[in-house]
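Novice: Below you'll find input_5.tsv; it's TSV, C-alpha atoms and all ligand atoms.
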```
chain	number	residue	atom	x	y	z
A	1	MET	CA	-55.37	-24.29	57.62
A	2	SER	CA	-53.38	-24.50	54.42
A	3	GLU	CA	-52.79	-27.92	52.97
A	4	ASN	CA	-49.02	-27.84	53.42
A	5	ILE	CA	-49.36	-28.13	57.20
A	6	ASN	CA	-48.50	-31.48	58.71
A	7	ILE	CA	-50.39	-32.24	61.87
A	8	ALA	CA	-47.72	-34.02	63.87
A	9	PRO	CA	-49.09	-37.28	65.35
A	10	GLU	CA	-50.83	-38.40	62.20
A	11	GLN	CA	-47.79	-38.02	59.97
A	12	ALA	CA	-46.28	-41.39	59.11
A	13	ALA	CA	-42.52	-41.75	59.32
A	14	PRO	CA	-40.98	-41.40	55.87
A	15	GLU	CA	-39.15	-44.23	54.11
A	16	LYS	CA	-36.05	-42.16	53.39
A	17	ARG	CA	-34.90	-40.09	56.34
A	18	LYS	CA	-35.86	-36.50	55.83
A	19	ARG	CA	-34.15	-33.54	57.40
A	20	ILE	CA	-35.49	-31.26	60.11
A	21	PHE	CA	-34.27	-27.88	61.29
A	22	SER	CA	-35.64	-25.89	64.22
A	23	GLY	CA	-34.46	-23.46	66.87
A	24	VAL	CA	-35.37	-21.31	69.84
A	25	GLN	CA	-34.02	-17.85	70.63
A	26	PRO	CA	-32.09	-17.48	73.89
A	27	SER	CA	-34.07	-14.30	74.55
A	28	GLY	CA	-35.41	-15.35	77.95
A	29	ILE	CA	-36.09	-18.39	80.10
A	30	LEU	CA	-37.67	-20.97	77.83
A	31	THR	CA	-41.38	-21.35	78.47
A	32	LEU	CA	-44.04	-23.99	78.41
A	33	GLY	CA	-44.98	-22.54	75.00
A	34	ASN	CA	-41.49	-23.29	73.65
A	35	TYR	CA	-41.70	-26.76	75.20
A	36	LEU	CA	-45.14	-27.81	73.97
A	37	GLY	CA	-44.98	-25.89	70.69
A	38	ALA	CA	-41.46	-26.92	69.76
A	39	ILE	CA	-38.96	-28.88	71.87
A	40	LYS	CA	-41.25	-31.70	73.03
A	41	ASN	CA	-41.93	-32.52	69.39
A	42	TRP	CA	-38.27	-32.31	68.46
A	43	VAL	CA	-37.56	-35.18	70.84
A	44	ALA	CA	-40.16	-37.43	69.23
A	45	LEU	CA	-38.91	-36.61	65.74
A	46	GLN	CA	-35.25	-37.41	66.21
A	47	ASN	CA	-35.75	-41.16	65.81
A	48	ASP	CA	-37.25	-40.84	62.35
A	49	TYR	CA	-35.51	-37.78	60.92
A	50	ASP	CA	-32.04	-36.27	60.65
A	51	CYS	CA	-32.42	-33.29	62.94
A	52	LEU	CA	-30.54	-30.06	63.49
A	53	TYR	CA	-31.56	-28.08	66.56
A	54	CYS	CA	-30.09	-24.63	66.93
A	55	VAL	CA	-29.91	-22.00	69.66
A	56	VAL	CA	-30.64	-19.00	67.46
A	57	ASP	CA	-28.65	-16.23	69.13
A	58	LEU	CA	-28.37	-14.11	65.96
A	59	HIS	CA	-32.14	-13.81	65.99
A	60	ALA	CA	-32.18	-12.86	69.66
A	61	ILE	CA	-30.31	-9.57	69.12
A	62	THR	CA	-33.16	-8.19	67.01
A	63	VAL	CA	-34.37	-7.17	70.47
A	64	ARG	CA	-31.83	-5.55	72.79
A	65	GLN	CA	-30.17	-8.16	75.05
A	66	VAL	CA	-27.92	-7.83	78.07
A	67	PRO	CA	-24.69	-9.49	76.79
A	68	THR	CA	-23.97	-11.52	79.95
A	69	ASP	CA	-27.58	-12.75	80.02
A	70	LEU	CA	-27.46	-13.70	76.34
A	71	ARG	CA	-24.25	-15.68	76.85
A	72	ARG	CA	-25.65	-17.50	79.89
A	73	ARG	CA	-29.00	-18.22	78.25
A	74	THR	CA	-27.29	-19.65	75.18
A	75	LEU	CA	-25.64	-22.31	77.33
A	76	GLU	CA	-28.86	-22.78	79.32
A	77	GLY	CA	-30.84	-23.16	76.10
A	78	LEU	CA	-28.56	-25.93	74.88
A	79	ALA	CA	-28.69	-27.60	78.32
A	80	LEU	CA	-32.47	-27.51	78.12
A	81	TYR	CA	-32.49	-29.18	74.72
A	82	VAL	CA	-30.45	-32.01	76.21
A	83	ALA	CA	-32.55	-32.10	79.39
A	84	CYS	CA	-35.74	-32.32	77.31
A	85	GLY	CA	-34.34	-35.41	75.60
A	86	ILE	CA	-32.50	-34.25	72.49
A	87	ASP	CA	-29.74	-36.80	72.13
A	88	PRO	CA	-26.39	-35.47	70.85
A	89	GLU	CA	-25.71	-38.90	69.35
A	90	LYS	CA	-28.82	-38.62	67.18
A	91	SER	CA	-29.26	-34.90	66.51
A	92	ILE	CA	-26.95	-32.01	65.72
A	93	MET	CA	-27.20	-29.26	68.33
A	94	PHE	CA	-25.36	-26.00	67.81
A	95	VAL	CA	-25.30	-22.26	68.33
A	96	GLN	CA	-26.25	-20.16	65.31
A	97	SER	CA	-23.43	-17.59	65.62
A	98	HIS	CA	-20.87	-20.44	65.56
A	99	VAL	CA	-21.78	-21.18	61.94
A	100	PRO	CA	-21.13	-18.09	59.76
A	101	SER	CA	-23.03	-19.56	56.79
A	102	HIS	CA	-26.33	-18.41	58.37
A	103	ALA	CA	-25.45	-14.71	58.14
A	104	GLU	CA	-23.85	-15.23	54.73
A	105	LEU	CA	-26.85	-16.92	53.14
A	106	ALA	CA	-29.19	-14.41	54.81
A	107	TRP	CA	-27.45	-11.60	52.90
A	108	VAL	CA	-27.96	-13.37	49.58
A	109	LEU	CA	-31.59	-14.28	50.30
A	110	GLY	CA	-32.29	-10.71	51.41
A	111	CYS	CA	-31.63	-9.71	47.82
A	112	TYR	CA	-34.41	-12.07	46.70
A	113	THR	CA	-37.00	-10.98	49.27
A	114	GLY	CA	-39.42	-8.13	48.74
A	115	PHE	CA	-39.89	-5.19	51.08
A	116	GLY	CA	-43.63	-5.68	50.70
A	117	GLU	CA	-43.64	-9.30	51.76
A	118	LEU	CA	-41.51	-8.56	54.84
A	119	SER	CA	-43.85	-5.69	55.73
A	120	ARG	CA	-46.74	-8.14	56.00
A	121	MET	CA	-45.13	-10.27	58.73
A	122	THR	CA	-47.27	-10.17	61.87
A	123	GLN	CA	-44.30	-10.88	64.15
A	124	PHE	CA	-42.59	-7.74	62.82
A	125	LYS	CA	-45.73	-5.73	63.45
A	126	ASP	CA	-46.14	-7.16	66.99
A	127	LYS	CA	-42.50	-6.74	67.94
A	128	SER	CA	-42.34	-3.22	66.48
A	129	GLN	CA	-45.21	-2.30	68.75
A	130	LYS	CA	-43.63	-3.94	71.78
A	131	HIS	CA	-40.20	-2.41	71.12
A	132	SER	CA	-41.16	0.90	69.52
A	133	ASP	CA	-37.87	2.47	70.67
A	134	ASN	CA	-35.83	-0.08	68.68
A	135	ILE	CA	-37.45	-0.94	65.35
A	136	ASN	CA	-34.23	-2.06	63.70
A	137	ALA	CA	-33.48	-3.51	60.26
A	138	GLY	CA	-32.68	-6.90	61.83
A	139	LEU	CA	-36.19	-7.12	63.25
A	140	PHE	CA	-37.53	-6.41	59.77
A	141	THR	CA	-35.29	-8.95	58.02
A	142	TYR	CA	-35.69	-11.62	60.74
A	143	PRO	CA	-37.65	-13.91	58.36
A	144	VAL	CA	-34.79	-13.78	55.84
A	145	LEU	CA	-32.34	-15.07	58.44
A	146	MET	CA	-34.85	-17.72	59.40
A	147	ALA	CA	-35.17	-18.71	55.74
A	148	ALA	CA	-31.37	-19.00	55.59
A	149	ASP	CA	-31.36	-21.21	58.73
A	150	ILE	CA	-33.78	-23.63	57.14
A	151	LEU	CA	-32.63	-23.59	53.51
A	152	LEU	CA	-28.93	-24.00	54.35
A	153	TYR	CA	-29.62	-27.52	55.58
A	154	GLN	CA	-32.11	-28.42	52.83
A	155	ALA	CA	-34.63	-29.09	55.60
A	156	ASP	CA	-37.81	-30.91	54.58
A	157	LEU	CA	-39.74	-30.09	57.72
A	158	VAL	CA	-39.64	-27.34	60.32
A	159	PRO	CA	-41.38	-28.11	63.61
A	160	VAL	CA	-42.75	-24.83	64.96
A	161	GLY	CA	-45.66	-23.39	66.88
A	162	LEU	CA	-48.50	-21.78	64.95
A	163	ASP	CA	-46.97	-18.31	65.43
A	164	GLN	CA	-44.12	-19.19	63.09
A	165	LYS	CA	-46.26	-20.52	60.23
A	166	GLN	CA	-46.07	-17.23	58.32
A	167	HIS	CA	-42.28	-17.31	58.47
A	168	ILE	CA	-42.22	-20.78	56.95
A	169	GLU	CA	-44.49	-19.56	54.19
A	170	ILE	CA	-42.14	-16.71	53.28
A	171	THR	CA	-39.21	-19.17	53.40
A	172	ARG	CA	-41.03	-21.32	50.85
A	173	ASP	CA	-41.76	-18.30	48.67
A	174	VAL	CA	-38.14	-17.14	48.69
A	175	ALA	CA	-36.86	-20.66	48.00
A	176	GLN	CA	-39.30	-21.14	45.13
A	177	ARG	CA	-38.32	-17.76	43.69
A	178	PHE	CA	-34.62	-18.62	43.89
A	179	ASN	CA	-35.16	-22.09	42.42
A	180	GLY	CA	-37.25	-20.52	39.66
A	181	ILE	CA	-34.25	-18.42	38.61
A	182	TYR	CA	-31.35	-20.82	39.21
A	183	GLY	CA	-32.79	-24.35	39.13
A	184	ASP	CA	-33.25	-26.75	42.03
A	185	VAL	CA	-31.00	-25.27	44.68
A	186	PHE	CA	-33.20	-25.45	47.77
A	187	THR	CA	-35.52	-28.09	49.17
A	188	ILE	CA	-38.91	-26.49	49.76
A	189	PRO	CA	-39.61	-26.95	53.49
A	190	GLU	CA	-42.95	-27.56	55.12
A	191	PRO	CA	-44.09	-26.50	58.58
A	192	TYR	CA	-44.70	-29.28	61.07
A	193	ILE	CA	-47.18	-28.03	63.62
A	194	PRO	CA	-48.21	-30.04	66.70
A	195	LYS	CA	-51.85	-30.98	67.01
A	196	THR	CA	-52.08	-29.78	70.59
A	197	GLY	CA	-49.78	-27.15	72.02
A	198	MET	CA	-49.52	-25.36	68.68
A	199	LYS	CA	-50.25	-22.15	70.56
A	200	ILE	CA	-50.01	-21.76	74.30
A	201	ASN	CA	-51.25	-18.41	75.53
A	202	SER	CA	-50.21	-16.09	78.32
A	203	LEU	CA	-51.56	-16.91	81.77
A	204	THR	CA	-52.22	-13.24	82.52
A	205	ASP	CA	-53.62	-12.27	79.10
A	206	PRO	CA	-54.91	-15.43	77.40
A	207	THR	CA	-55.65	-13.57	74.17
A	208	LYS	CA	-51.89	-13.31	73.61
A	209	LYS	CA	-49.17	-15.90	73.00
A	210	MET	CA	-47.12	-17.03	76.00
A	211	SER	CA	-43.72	-15.39	75.45
A	212	LYS	CA	-40.40	-15.84	77.20
A	213	SER	CA	-39.60	-12.13	76.87
A	214	ASP	CA	-42.81	-11.06	78.63
A	215	PRO	CA	-41.65	-8.83	81.50
A	216	ASN	CA	-44.30	-10.33	83.79
A	217	PRO	CA	-43.11	-13.79	84.98
A	218	ALA	CA	-46.67	-14.61	86.09
A	219	SER	CA	-47.62	-14.72	82.40
A	220	PHE	CA	-45.55	-17.82	81.63
A	221	VAL	CA	-44.53	-21.15	83.06
A	222	ALA	CA	-40.76	-21.42	82.72
A	223	ILE	CA	-39.54	-24.90	81.88
A	224	ILE	CA	-37.03	-24.69	84.72
A	225	GLU	CA	-38.93	-22.99	87.55
A	226	SER	CA	-39.95	-24.86	90.72
A	227	ARG	CA	-42.97	-27.13	90.97
A	228	ASP	CA	-44.60	-24.75	93.47
A	229	GLU	CA	-44.15	-21.77	91.18
A	230	THR	CA	-45.80	-23.61	88.30
A	231	ILE	CA	-48.76	-24.68	90.43
A	232	ARG	CA	-49.14	-21.18	91.88
A	233	LYS	CA	-48.98	-19.45	88.48
A	234	ILE	CA	-51.60	-21.75	86.99
A	235	LYS	CA	-53.82	-21.29	90.03
A	236	ARG	CA	-53.71	-17.53	89.39
A	237	ALA	CA	-54.19	-17.78	85.62
A	238	VAL	CA	-56.80	-15.38	84.24
A	239	THR	CA	-60.06	-17.16	83.34
A	240	ASP	CA	-63.70	-16.01	83.19
A	241	SER	CA	-66.67	-15.87	85.54
A	242	ASP	CA	-68.60	-18.61	83.78
A	243	ALA	CA	-67.26	-21.37	86.11
A	244	VAL	CA	-67.84	-24.15	83.54
A	245	VAL	CA	-64.88	-26.08	82.14
A	246	ARG	CA	-65.77	-26.02	78.46
A	247	TYR	CA	-63.82	-25.24	75.29
A	248	ALA	CA	-65.68	-22.37	73.66
A	249	GLU	CA	-65.22	-19.07	71.90
A	250	GLY	CA	-64.58	-16.21	74.28
A	251	LYS	CA	-63.25	-18.51	77.02
A	252	ASP	CA	-59.60	-17.90	76.13
A	253	GLY	CA	-58.24	-18.56	79.61
A	254	ILE	CA	-60.04	-21.90	80.02
A	255	ASN	CA	-59.30	-22.90	76.43
A	256	ASN	CA	-55.63	-22.28	77.11
A	257	LEU	CA	-55.63	-24.35	80.32
A	258	MET	CA	-57.52	-27.13	78.55
A	259	THR	CA	-54.89	-27.08	75.80
A	260	ILE	CA	-52.11	-27.41	78.39
A	261	TYR	CA	-53.98	-30.20	80.22
A	262	SER	CA	-54.64	-32.01	76.95
A	263	SER	CA	-51.00	-31.69	75.85
A	264	PHE	CA	-49.77	-33.43	79.00
A	265	THR	CA	-52.51	-36.03	79.46
A	266	GLY	CA	-53.38	-36.77	75.84
A	267	LYS	CA	-57.08	-36.33	76.74
A	268	SER	CA	-59.46	-34.73	74.24
A	269	PHE	CA	-61.38	-31.58	75.09
A	270	ASP	CA	-64.59	-33.67	75.34
A	271	GLU	CA	-62.97	-35.97	77.87
A	272	ILE	CA	-61.69	-33.01	79.87
A	273	GLU	CA	-65.14	-31.40	79.90
A	274	LYS	CA	-66.63	-34.65	81.23
A	275	GLU	CA	-63.89	-35.07	83.82
A	276	PHE	CA	-64.55	-31.61	85.26
A	277	ASP	CA	-68.31	-31.57	84.81
A	278	GLY	CA	-69.85	-30.02	87.94
A	279	LYS	CA	-66.46	-29.05	89.33
A	280	GLY	CA	-65.25	-25.46	89.70
A	281	TYR	CA	-62.26	-23.69	88.21
A	282	GLY	CA	-60.31	-24.19	91.46
A	283	ASP	CA	-60.29	-27.98	91.00
A	284	PHE	CA	-59.50	-27.67	87.31
A	285	LYS	CA	-56.61	-25.25	87.80
A	286	ALA	CA	-55.16	-27.44	90.56
A	287	ALA	CA	-55.27	-30.44	88.20
A	288	VAL	CA	-53.67	-28.49	85.35
A	289	GLY	CA	-50.91	-27.27	87.69
A	290	GLU	CA	-50.23	-30.83	88.87
A	291	VAL	CA	-50.02	-32.42	85.41
A	292	CYS	CA	-47.87	-29.59	84.17
A	293	ALA	CA	-45.45	-29.83	87.12
A	294	ASP	CA	-45.42	-33.65	86.81
A	295	GLY	CA	-44.81	-33.44	83.06
A	296	LEU	CA	-41.83	-31.13	83.54
A	297	GLU	CA	-40.38	-32.88	86.60
A	298	ASN	CA	-37.88	-35.11	84.76
A	299	VAL	CA	-36.75	-32.28	82.49
A	300	ARG	CA	-36.14	-30.08	85.53
A	301	ALA	CA	-34.13	-32.76	87.31
A	302	GLU	CA	-32.07	-33.48	84.20
A	303	TYR	CA	-31.46	-29.80	83.62
A	304	ALA	CA	-30.21	-29.28	87.20
A	305	ARG	CA	-27.69	-32.08	86.61
A	306	ILE	CA	-26.54	-31.11	83.10
A	307	ILE	CA	-26.14	-27.37	83.57
A	308	LYS	CA	-23.30	-28.02	86.02
A	309	ASP	CA	-21.29	-29.80	83.32
A	310	LYS	CA	-20.11	-26.89	81.18
A	311	ALA	CA	-17.37	-28.90	79.48
A	312	TYR	CA	-19.91	-31.50	78.30
A	313	LEU	CA	-22.23	-28.80	76.94
A	314	GLU	CA	-19.41	-26.94	75.22
A	315	GLY	CA	-18.31	-30.23	73.66
A	316	ILE	CA	-21.80	-30.73	72.19
A	317	MET	CA	-21.78	-27.14	70.89
A	318	LYS	CA	-18.38	-27.51	69.24
A	319	ASP	CA	-19.14	-30.85	67.67
A	320	GLY	CA	-22.54	-29.62	66.49
A	321	ALA	CA	-21.07	-26.46	64.95
A	322	GLU	CA	-18.50	-28.48	63.01
A	323	LYS	CA	-21.14	-30.79	61.57
A	324	ALA	CA	-23.51	-27.93	60.80
A	325	LEU	CA	-20.75	-25.93	59.14
A	326	TYR	CA	-19.88	-28.86	56.90
A	327	LEU	CA	-23.49	-29.32	55.79
A	328	SER	CA	-24.20	-25.61	55.41
A	329	LYS	CA	-21.08	-25.00	53.29
A	330	LYS	CA	-22.36	-27.40	50.66
A	331	THR	CA	-25.47	-25.30	50.12
A	332	LEU	CA	-23.69	-21.98	50.44
A	333	SER	CA	-21.06	-22.90	47.81
A	334	LYS	CA	-23.83	-23.93	45.44
A	335	VAL	CA	-25.67	-20.64	46.01
A	336	TYR	CA	-22.51	-18.55	45.53
A	337	LYS	CA	-21.79	-20.34	42.28
A	338	LYS	CA	-25.36	-19.95	41.01
A	339	VAL	CA	-25.53	-16.21	41.67
A	340	GLY	CA	-22.17	-15.67	39.96
A	341	PHE	CA	-19.67	-15.02	42.75
A	342	TYR	CA	-16.07	-15.55	41.62
A	343	ALA	CA	-14.65	-18.73	43.21
A	344	LYS	CA	-11.73	-18.41	45.65
B	401	LIG	N1	-46.68	-19.72	73.19
B	401	LIG	C1	-46.24	-20.59	72.31
B	401	LIG	N2	-47.02	-21.65	71.95
B	401	LIG	C2	-46.55	-22.57	71.06
B	401	LIG	N3	-45.33	-22.50	70.50
B	401	LIG	C3	-44.53	-21.48	70.84
B	401	LIG	N4	-43.28	-21.12	70.48
B	401	LIG	C4	-42.92	-20.00	71.13
B	401	LIG	N5	-43.92	-19.59	71.92
B	401	LIG	C5	-44.93	-20.48	71.76
B	401	LIG	C6	-42.47	-21.88	69.55
B	401	LIG	O1	-41.17	-21.99	70.10
B	401	LIG	C7	-40.21	-21.95	69.04
B	401	LIG	C8	-39.14	-20.99	69.34
B	401	LIG	O2	-39.63	-19.70	69.41
B	401	LIG	P1	-38.59	-18.49	69.37
B	401	LIG	O3	-37.81	-18.46	70.58
B	401	LIG	O4	-37.79	-18.57	68.13
B	401	LIG	O5	-39.43	-17.23	69.20
B	401	LIG	P2	-40.85	-16.85	69.58
B	401	LIG	O6	-41.85	-17.64	68.80
B	401	LIG	O7	-40.91	-15.36	69.41
B	401	LIG	O8	-40.93	-17.28	71.11
B	401	LIG	P3	-41.13	-16.37	72.33
B	401	LIG	O9	-41.09	-17.23	73.53
B	401	LIG	O10	-42.36	-15.53	72.16
B	401	LIG	O11	-39.84	-15.49	72.29
B	401	LIG	P4	-39.70	-13.95	72.45
B	401	LIG	O12	-40.49	-13.59	73.67
B	401	LIG	O13	-38.24	-13.71	72.60
B	401	LIG	O14	-40.26	-13.34	71.21
B	401	LIG	C9	-40.97	-21.65	67.77
B	401	LIG	O15	-41.14	-22.84	67.08
B	401	LIG	C10	-42.28	-21.12	68.25
B	401	LIG	O16	-43.32	-21.42	67.35
```
Would you write out, as C-alpha cells, the structure that this file holds?
Ligand code: AQP

Specialist:
Amino acid sequence: MSENINIAPEQAAPEKRKRIFSGVQPSGILTLGNYLGAIKNWVALQNDYDCLYCVVDLHAITVRQVPTDLRRRTLEGLALYVACGIDPEKSIMFVQSHVPSHAELAWVLGCYTGFGELSRMTQFKDKSQKHSDNINAGLFTYPVLMAADILLYQADLVPVGLDQKQHIEITRDVAQRFNGIYGDVFTIPEPYIPKTGMKINSLTDPTKKMSKSDPNPASFVAIIESRDETIRKIKRAVTDSDAVVRYAEGKDGINNLMTIYSSFTGKSFDEIEKEFDGKGYGDFKAAVGEVCADGLENVRAEYARIIKDKAYLEGIMKDGAEKALYLSKKTLSKVYKKVGFYAK
C-alpha cells in the first residue's frame, strides 16, 4: 500500500480540525459494502473532523437511471446517512446536484486532466464492460467530477473503500498540477481507508466487489433489508469445499465472510479461526448472518422511523446545500480568478 494511506483506527485525532468529504451514489439500495467501507467510518469521524457527506446524484447518471427511482433513492440515501448516525448538527449533509459548484469546477479540472490518465482508471474499464451499450463521456470523466467534489471543500481526508483509492490518487495529481501552475489553491487530500471492511465482496461471486447496482439481490446485503433476508443471503453465500474456516489465498468466499464477521465483532482473523476450529461452514455462516443482522438492527429501526419524515429530511438537505454552497463558492471564485475568468 502506498504511504499516503491512513489506516483508520490507528490515526490519531488531529489538533486542528481537518475537513472530510465523502459520498455515495444513489444508484441502488445501499449495501453492506457501502456501510462497512464508508458510512460506518463517517459516523466515527464526525466528532474529530468537519465533515461533508454528499448524496452524489450527478455521479449516478453515468449509468442509466430510472428518474423516479433516482429521486426516491436520493431521499433514501440521505435518510440512511442519518439512520447510520450522521448527525446534522455536526456534519453537513447535502445532495450534489443542489450545489452547482461541483459541475462548474469539474469543467475547469477536466481541462487539467489527461486523456491518458483517465483511460487508466479501473472503474471506467469495469463499468464500460458492464454497460457496454452506454459508454458515455460522463463515465469517462467521473474521476474529474469526484476530484471537484473533494477539492471544492479543501478536504484533507476522504474516507473511501479500497475501490476508490485510484480516484483519490488522480484527484491528488490534478490538484498538484493545478497548484504547480497557479500556486496553493487546493489542499491535497489523502484517502482514509478502513482497516477492516475496506473491500466487501459479492456473496455470489466473492472475487468481485459487492455492488449496489448488481442485478442479483442475492449478491449483496442491503442495509435496509429484513433480518431474515440478511441471514438467508449469508447462509447461501458462495464459499469453497474445503470446510475449514481459515483466511487464505483462494478462499475468497470465506475470506469475505471473515472480513464481515471481523468488521462487526472486532475480532482478528486468528481469533475467528480459533473460534470456528472444528466447526463447519454452516455454523460459521449462521454466526456471520447473526452478527451482521444484529449490527444493522438499530440502523434499520432508525431508518424505518426517519424515512416517514420527509419534511425533516428535506430540511437537512436544504440546510446542507446552503452551507456547502457557501464553502464551495470560496474555492470556485479563487479558481476562476486564477485561470483568468473575467469577474462579474
Ligand atoms: N464492496 C465495497 N466494499 C467496501 N467499500 C465499498 N464501497 C462501495 N462498495 C464497497 C464504498 O462506498 C462508497 C460509495 O461508493 P459509490 O456509491 O460512490 O460507488 P461504488 O464504489 O461504485 O459503489 P457500488 O455500490 O459498487 O455502486 P455501483 O454499483 O452503483 O457502482 C465509496 O467510498 C466506496 O469505496

Novice: Could I get the residue neighbourhood of ligand LIG 401 (chain B) at 6 Å, counting only C-alpha atoms and all ligand atoms, as a ChimeraX atom specification?

Specialist: /A:23-25,27,33-34,37-38,160-164,197-201,209-213

Novice: Go ahead and write the residues just picked, C-alpha atoms, as a PDB file, in the frame of the given file.

Specialist:
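Listing of selection_11.pdb after writing:
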```pdb
ATOM      1  CA  GLY A  23     -34.460 -23.460  66.870  1.00  0.00           C
ATOM      2  CA  VAL A  24     -35.370 -21.310  69.840  1.00  0.00           C
ATOM      3  CA  GLN A  25     -34.020 -17.850  70.630  1.00  0.00           C
ATOM      4  CA  SER A  27     -34.070 -14.300  74.550  1.00  0.00           C
ATOM      5  CA  GLY A  33     -44.980 -22.540  75.000  1.00  0.00           C
ATOM      6  CA  ASN A  34     -41.490 -23.290  73.650  1.00  0.00           C
ATOM      7  CA  GLY A  37     -44.980 -25.890  70.690  1.00  0.00           C
ATOM      8  CA  ALA A  38     -41.460 -26.920  69.760  1.00  0.00           C
ATOM      9  CA  VAL A 160     -42.750 -24.830  64.960  1.00  0.00           C
ATOM     10  CA  GLY A 161     -45.660 -23.390  66.880  1.00  0.00           C
ATOM     11  CA  LEU A 162     -48.500 -21.780  64.950  1.00  0.00           C
ATOM     12  CA  ASP A 163     -46.970 -18.310  65.430  1.00  0.00           C
ATOM     13  CA  GLN A 164     -44.120 -19.190  63.090  1.00  0.00           C
ATOM     14  CA  GLY A 197     -49.780 -27.150  72.020  1.00  0.00           C
ATOM     15  CA  MET A 198     -49.520 -25.360  68.680  1.00  0.00           C
ATOM     16  CA  LYS A 199     -50.250 -22.150  70.560  1.00  0.00           C
ATOM     17  CA  ILE A 200     -50.010 -21.760  74.300  1.00  0.00           C
ATOM     18  CA  ASN A 201     -51.250 -18.410  75.530  1.00  0.00           C
ATOM     19  CA  LYS A 209     -49.170 -15.900  73.000  1.00  0.00           C
ATOM     20  CA  MET A 210     -47.120 -17.030  76.000  1.00  0.00           C
ATOM     21  CA  SER A 211     -43.720 -15.390  75.450  1.00  0.00           C
ATOM     22  CA  LYS A 212     -40.400 -15.840  77.200  1.00  0.00           C
ATOM     23  CA  SER A 213     -39.600 -12.130  76.870  1.00  0.00           C
TER      24      SER A 213
END
```

Novice: Produce a table with one row for each residue of segment 216-334 of chain A that has an atom at most 10 Å from any atom of segment 40-64 of chain A, each row naming the nearest atom pair and its distance in Å at one decimal; use all atoms listed in the file; arrange rows by chain and rising residue number; format as CSV.

Specialist:
```
residue,atom,partner,partner_atom,distance
A:Met317,CA,A:Cys54,CA,9.5
A:Gly320,CA,A:Leu52,CA,8.6
A:Ala321,CA,A:Cys54,CA,9.4
A:Lys323,CA,A:Leu52,CA,9.6
A:Ala324,CA,A:Leu52,CA,7.8
```

Novice: Calculate how many Å separate atom CA of Thr68 of chain A from atom CA of Gly28 of chain A, rounding to one decimal.

Specialist: 12.2 Å

Novice: Using only C-alpha atoms, which protein or nucleic acid residues come within 6 Å of segment 72-87 of chain A? Drop anything in the same chain fewer than 6 positions from it, and give the result as a list in words.

Specialist: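 These residues fall inside the cut-off: Pro26, Val43, Val299, Glu302, Tyr303 and Ile307 of chain A.
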
Novice: One number please: atom CA of Pro159 of chain A to atom CA of Pro191 of chain A, in Å, one decimal.

Specialist: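 So the two atoms, atom CA of Pro159 of chain A and atom CA of Pro191 of chain A, lie 5.9 Å apart.
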
Novice: Around all the atoms of segment 323-339 of chain A listed in the file, with 6 Å of room on each side, what axis-aligned box do you get, giving centre and edge lengths in Å to one decimal, as AutoDock Vina command-line options?

Specialist:
```
--center_x -22.8 --center_y -23.5 --center_z 51.3 --size_x 17.8 --size_y 26.6 --size_z 32.6
```

Novice: Mind checking which residues fall within 6 Å of segment 141-152 of chain A, counting all atoms listed in the file, ignoring those fewer than 6 positions away in the same chain, and posting them as a list of chain:residue names?

Specialist: A:Phe21, A:His102, A:Leu105, A:Ala106, A:Gly110, A:His167, A:Thr171, A:Ser328, A:Thr331

Novice: Could you write out that same residue set with C-alpha atoms as a JSON list (two decimals), in the frame of the given file?

Specialist:
```
[["chain", "number", "residue", "atom", "x", "y", "z"],
["A", 21, "PHE", "CA", -34.27, -27.88, 61.29],
["A", 102, "HIS", "CA", -26.33, -18.41, 58.37],
["A", 105, "LEU", "CA", -26.85, -16.92, 53.14],
["A", 106, "ALA", "CA", -29.19, -14.41, 54.81],
["A", 110, "GLY", "CA", -32.29, -10.71, 51.41],
["A", 167, "HIS", "CA", -42.28, -17.31, 58.47],
["A", 171, "THR", "CA", -39.21, -19.17, 53.40],
["A", 328, "SER", "CA", -24.20, -25.61, 55.41],
["A", 331, "THR", "CA", -25.47, -25.30, 50.12]]
```

Novice: List as a list in words the protein and nucleic acid residues near Arg300 of chain A, meaning an atom at most 10 Å away when only C-alpha atoms are counted, but skip any in the same chain fewer than 4 places from it.

Specialist: Leu80, Ala83, Cys84, Ile223, Ile224, Glu225, Ser226, Arg227, Ala293, Gly295, Leu296, Ala304, Arg305 and Ile306 of chain A

Novice: Would you fill out segment 97-105 of chain A with N, CA and C atoms and return it as a compact mmCIF listing (two decimals), keeping the file's coordinate frame?

Specialist:
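To be explicit, this is the file written out as rebuild08.txt:
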```txt
# COMPACT_ATOMS: atom_id res chain seq x y z
N SER A 97 -24.55 -18.49 65.92
CA SER A 97 -23.43 -17.59 65.62
C SER A 97 -22.11 -18.35 65.43
N HIS A 98 -22.09 -19.65 65.77
CA HIS A 98 -20.87 -20.44 65.56
C HIS A 98 -20.74 -20.91 64.11
N VAL A 99 -21.80 -20.72 63.34
CA VAL A 99 -21.78 -21.18 61.94
C VAL A 99 -22.04 -19.96 61.03
N PRO A 100 -20.97 -19.35 60.50
CA PRO A 100 -21.13 -18.09 59.76
C PRO A 100 -22.01 -18.19 58.52
N SER A 101 -22.22 -19.41 58.01
CA SER A 101 -23.03 -19.56 56.79
C SER A 101 -24.43 -18.96 56.95
N HIS A 102 -24.96 -18.93 58.18
CA HIS A 102 -26.33 -18.41 58.37
C HIS A 102 -26.40 -16.94 57.95
N ALA A 103 -25.45 -16.14 58.47
CA ALA A 103 -25.45 -14.71 58.14
C ALA A 103 -25.12 -14.51 56.66
N GLU A 104 -24.26 -15.38 56.13
CA GLU A 104 -23.85 -15.23 54.73
C GLU A 104 -25.01 -15.52 53.77
N LEU A 105 -25.72 -16.62 54.03
CA LEU A 105 -26.85 -16.92 53.14
C LEU A 105 -27.97 -15.89 53.32
```
